[in-house]
Protein chains: 2
Amino acid sequence: MSTAPTSRAERRRQTEARILAAARALFAERGYERTTIRAVAAAAGVDPALVMQYFGAKQELFSRAAQGADDRPLPASPEQLTELMLATLGMKISGLPETSLAMLRSMLTHPEANESVRAALDRQVERTSEAIGGPDARLRAALVVTSMVGLTIGHQLLQLDALREATTEQITEALRPAFQALLAGPAGAEDPPGAPAQPAAGDD
Amino acid sequence: MSTAPTSRAERRRQTEARILAAARALFAERGYERTTIRAVAAAAGVDPALVMQYFGAKQELFSRAAQGADDRPLPASPEQLTELMLATLGMKISGLPETSLAMLRSMLTHPEANESVRAALDRQVERTSEAIGGPDARLRAALVVTSMVGLTIGHQLLQLDALREATTEQITEALRPAFQALLAGPAGAEDPPGAPAQPAAGDD
DNA sequence: CCGTTCGCTCAACAAGCGTTGACTCAACAA
DNA sequence: TTGTTGAGTCAACGCTTGTTGAGCGAACGG
């Protein structure tokens, strides 16, 4: 090799990425408390002290590893919202990024993860609520969101048999009428801001 | 005082109950990993060694504290099942026993709790599935069950604003059409409601 | 080329954990 | 009374955890 195979800055970036990848995998698999700095370091092929040197503290490592989880843009459209939700859900159960899994896994036991997820879900409820409108918009939005959370947990973290047996299409199909009912709101009291057109009920 | 105010057997039962109550509260609030034997002992006004003497190991204490969670009888009736589910859910969000909260809180990080909840939910899915029948019975049952789990988590453990604002009645009311849609199954393929649940579809 | 920087390791620290064995003392049976 | 049982405490063990500071050696800049 004419030049050094790895410059100093390059090596730094690579090892940092390796540590972060190992951390993500372990946090996603075991959660915050059961994941040790030593285990992360071992998985990354590195000394535990180096992890500290790079991230300062375990909490900081977690923050960096779980950064950018669970916050997606949400366009607004009352009827197509159902399809958007189902599509989003489809991606979730097909394979959630480890970044999000780490957050999900830890949200019930790690205070910081709990607060982070709570805030993210609250925002998503708010946005969904604005999109659907109507009397109990916030509540119905929350029900859709928590349903998706429950389904994701049941599928990805608890690995319920009945869910693993089904394909993504079967799941979204079975869920469609339920989501429609929730997002449409109480019959006769809707206020459609966009198109009152009848949903075609066709596949995408 | 003719006899001692507290006999030996009586004292033993009382302190054991006090320890179990403290353990339940802490496991429910912090989960398995963040709950220490020392904290349980302190909350019960007792030496940590006594907790070990009573329960042998932390895992055993958790098993005893979380015993009998999440396993309720489930009668079968295709349409009234919706009401039963909603009623069950109403109890859950009104106030889940600490026994169940401990299990719920720890199910994503503690392997034994994870397996326990997984098994319990699988059983519930199975029973619900037999009750509703139809083509995708197992899947639809699983969707109802995971929805309830997600709602319970969002309400009790994450304390989402939109859910805490609503009354139990509002929640069950808003959820009714969604559950009906899920439990009724795909339109045109349902069993006659008069006959008792008889899943002619068999397994799979 | 030499001196400095810096990625990285090694060994260790203090704190907290679950767990244990010896001990104290009141309740009990004789 | 006297001896025994057993609830409860005390101090400590061994281990793991997150975290730190000294030191080594290769990459760097002049």
# chains A, B, ... in the order shown; residues from 1 in each chain; ligands from 1
>>> calpha_fit_rmsd(fixed="chain A", moving="chain B")
5.2 Å
>>> closest_atom_pairs(of="chain C", to="range 9-28 of chain D", cutoff="9 Å", atoms="only C-alpha atoms (C1' of nucleotides)", output="Markdown table")
| residue | atom | partner | partner_atom | distance |
| --- | --- | --- | --- | --- |
| C:DT4 | C1' | D:DC28 | C1' | 8.2 |
| C:DT5 | C1' | D:DC28 | C1' | 7.0 |
| C:DC6 | C1' | D:DA27 | C1' | 8.5 |
| C:DG7 | C1' | D:DA26 | C1' | 8.9 |
| C:DC8 | C1' | D:DC24 | C1' | 8.8 |
| C:DT9 | C1' | D:DC24 | C1' | 8.0 |
| C:DC10 | C1' | D:DG23 | C1' | 8.3 |
| C:DA12 | C1' | D:DT20 | C1' | 8.6 |
| C:DC13 | C1' | D:DT20 | C1' | 7.6 |
| C:DA15 | C1' | D:DT17 | C1' | 8.5 |
| C:DG16 | C1' | D:DT17 | C1' | 7.7 |
| C:DC17 | C1' | D:DT16 | C1' | 7.6 |
| C:DT19 | C1' | D:DC13 | C1' | 8.5 |
| C:DT20 | C1' | D:DC13 | C1' | 7.5 |
| C:DC23 | C1' | D:DC10 | C1' | 7.9 |
| C:DT24 | C1' | D:DT9 | C1' | 7.7 |
>>> closest_atom_pairs(of="range 99-194 of chain B", to="range 86-110 of chain A", cutoff="12 Å", atoms="only C-alpha atoms", output="JSON lines")
{"residue": "B:Leu101", "atom": "CA", "partner": "A:Leu108", "partner_atom": "CA", "distance": 10.6}
{"residue": "B:Ala102", "atom": "CA", "partner": "A:Leu108", "partner_atom": "CA", "distance": 10.5}
{"residue": "B:Met103", "atom": "CA", "partner": "A:Leu108", "partner_atom": "CA", "distance": 10.9}
{"residue": "B:Leu104", "atom": "CA", "partner": "A:Leu108", "partner_atom": "CA", "distance": 8.4}
{"residue": "B:Arg105", "atom": "CA", "partner": "A:Leu108", "partner_atom": "CA", "distance": 5.5}
{"residue": "B:Ser106", "atom": "CA", "partner": "A:Thr109", "partner_atom": "CA", "distance": 7.1}
{"residue": "B:Met107", "atom": "CA", "partner": "A:Leu108", "partner_atom": "CA", "distance": 8.7}
{"residue": "B:Leu108", "atom": "CA", "partner": "A:Arg105", "partner_atom": "CA", "distance": 5.5}
{"residue": "B:Thr109", "atom": "CA", "partner": "A:Arg105", "partner_atom": "CA", "distance": 6.7}
{"residue": "B:His110", "atom": "CA", "partner": "A:Thr109", "partner_atom": "CA", "distance": 10.0}
{"residue": "B:Pro111", "atom": "CA", "partner": "A:Arg105", "partner_atom": "CA", "distance": 12.0}
{"residue": "B:Asn114", "atom": "CA", "partner": "A:Arg105", "partner_atom": "CA", "distance": 11.2}
{"residue": "B:Gly150", "atom": "CA", "partner": "A:Leu104", "partner_atom": "CA", "distance": 12.0}
{"residue": "B:Ile153", "atom": "CA", "partner": "A:Leu108", "partner_atom": "CA", "distance": 8.6}
{"residue": "B:Gly154", "atom": "CA", "partner": "A:Leu108", "partner_atom": "CA", "distance": 10.3}
{"residue": "B:Gln156", "atom": "CA", "partner": "A:Leu108", "partner_atom": "CA", "distance": 10.5}
{"residue": "B:Leu157", "atom": "CA", "partner": "A:Leu108", "partner_atom": "CA", "distance": 6.8}
{"residue": "B:Leu158", "atom": "CA", "partner": "A:Leu108", "partner_atom": "CA", "distance": 7.7}
{"residue": "B:Gln159", "atom": "CA", "partner": "A:Leu108", "partner_atom": "CA", "distance": 11.2}
>>> select_by_dssp(residues="range 151-184 of chain B", states="alpha helix (DSSP H)", output="number ranges by chain")
B: 151-152, 161-165, 168-184
>>> closest_residue(among="B:Ile37, B:Ala69, B:Val46, B:Ala21", to="chain D", atoms="only C-alpha atoms (C1' of nucleotides)")
B:Val46
>>> interface_residues(of="chain B", to="chain D", cutoff="8 Å", atoms="only C-alpha atoms (C1' of nucleotides)", output="mmCIF file with C-alpha atoms, in the first residue's frame")
data_model
loop_
_atom_site.group_PDB
_atom_site.id
_atom_site.type_symbol
_atom_site.label_atom_id
_atom_site.label_comp_id
_atom_site.auth_asym_id
_atom_site.auth_seq_id
_atom_site.Cartn_x
_atom_site.Cartn_y
_atom_site.Cartn_z
ATOM 1 C CA ARG B 8 -44.508 -15.940 65.954
ATOM 2 C CA ARG B 12 -43.900 -14.054 60.025
ATOM 3 C CA ASP B 47 -32.776 -5.984 56.882
ATOM 4 C CA LEU B 50 -34.165 -11.142 55.814
#
>>> interface_residues(of="chain A", to="chain C", cutoff="12 Å", atoms="only C-alpha atoms (C1' of nucleotides)", output="ChimeraX atom specification")
/A:7-16,45-54
>>> atom_distance(atom1="CA of Gln180 in chain B", atom2="CA of Ser147 in chain A")
14.8 Å
>>> interface_residues(of="chain A", to="chain B", cutoff="8 Å", atoms="only C-alpha atoms", output="PyMOL selection string")
chain A and resi 30-31+33-34+105-106+108-109+114-115+118+121-122+125+136+138-140+142-143+146-151+153-154+157-163+166+171+174-175+177-182+185-186
>>> atom_distance(atom1="CA of Ala113 in chain A", atom2="CA of Ser63 in chain A")
8.6 Å
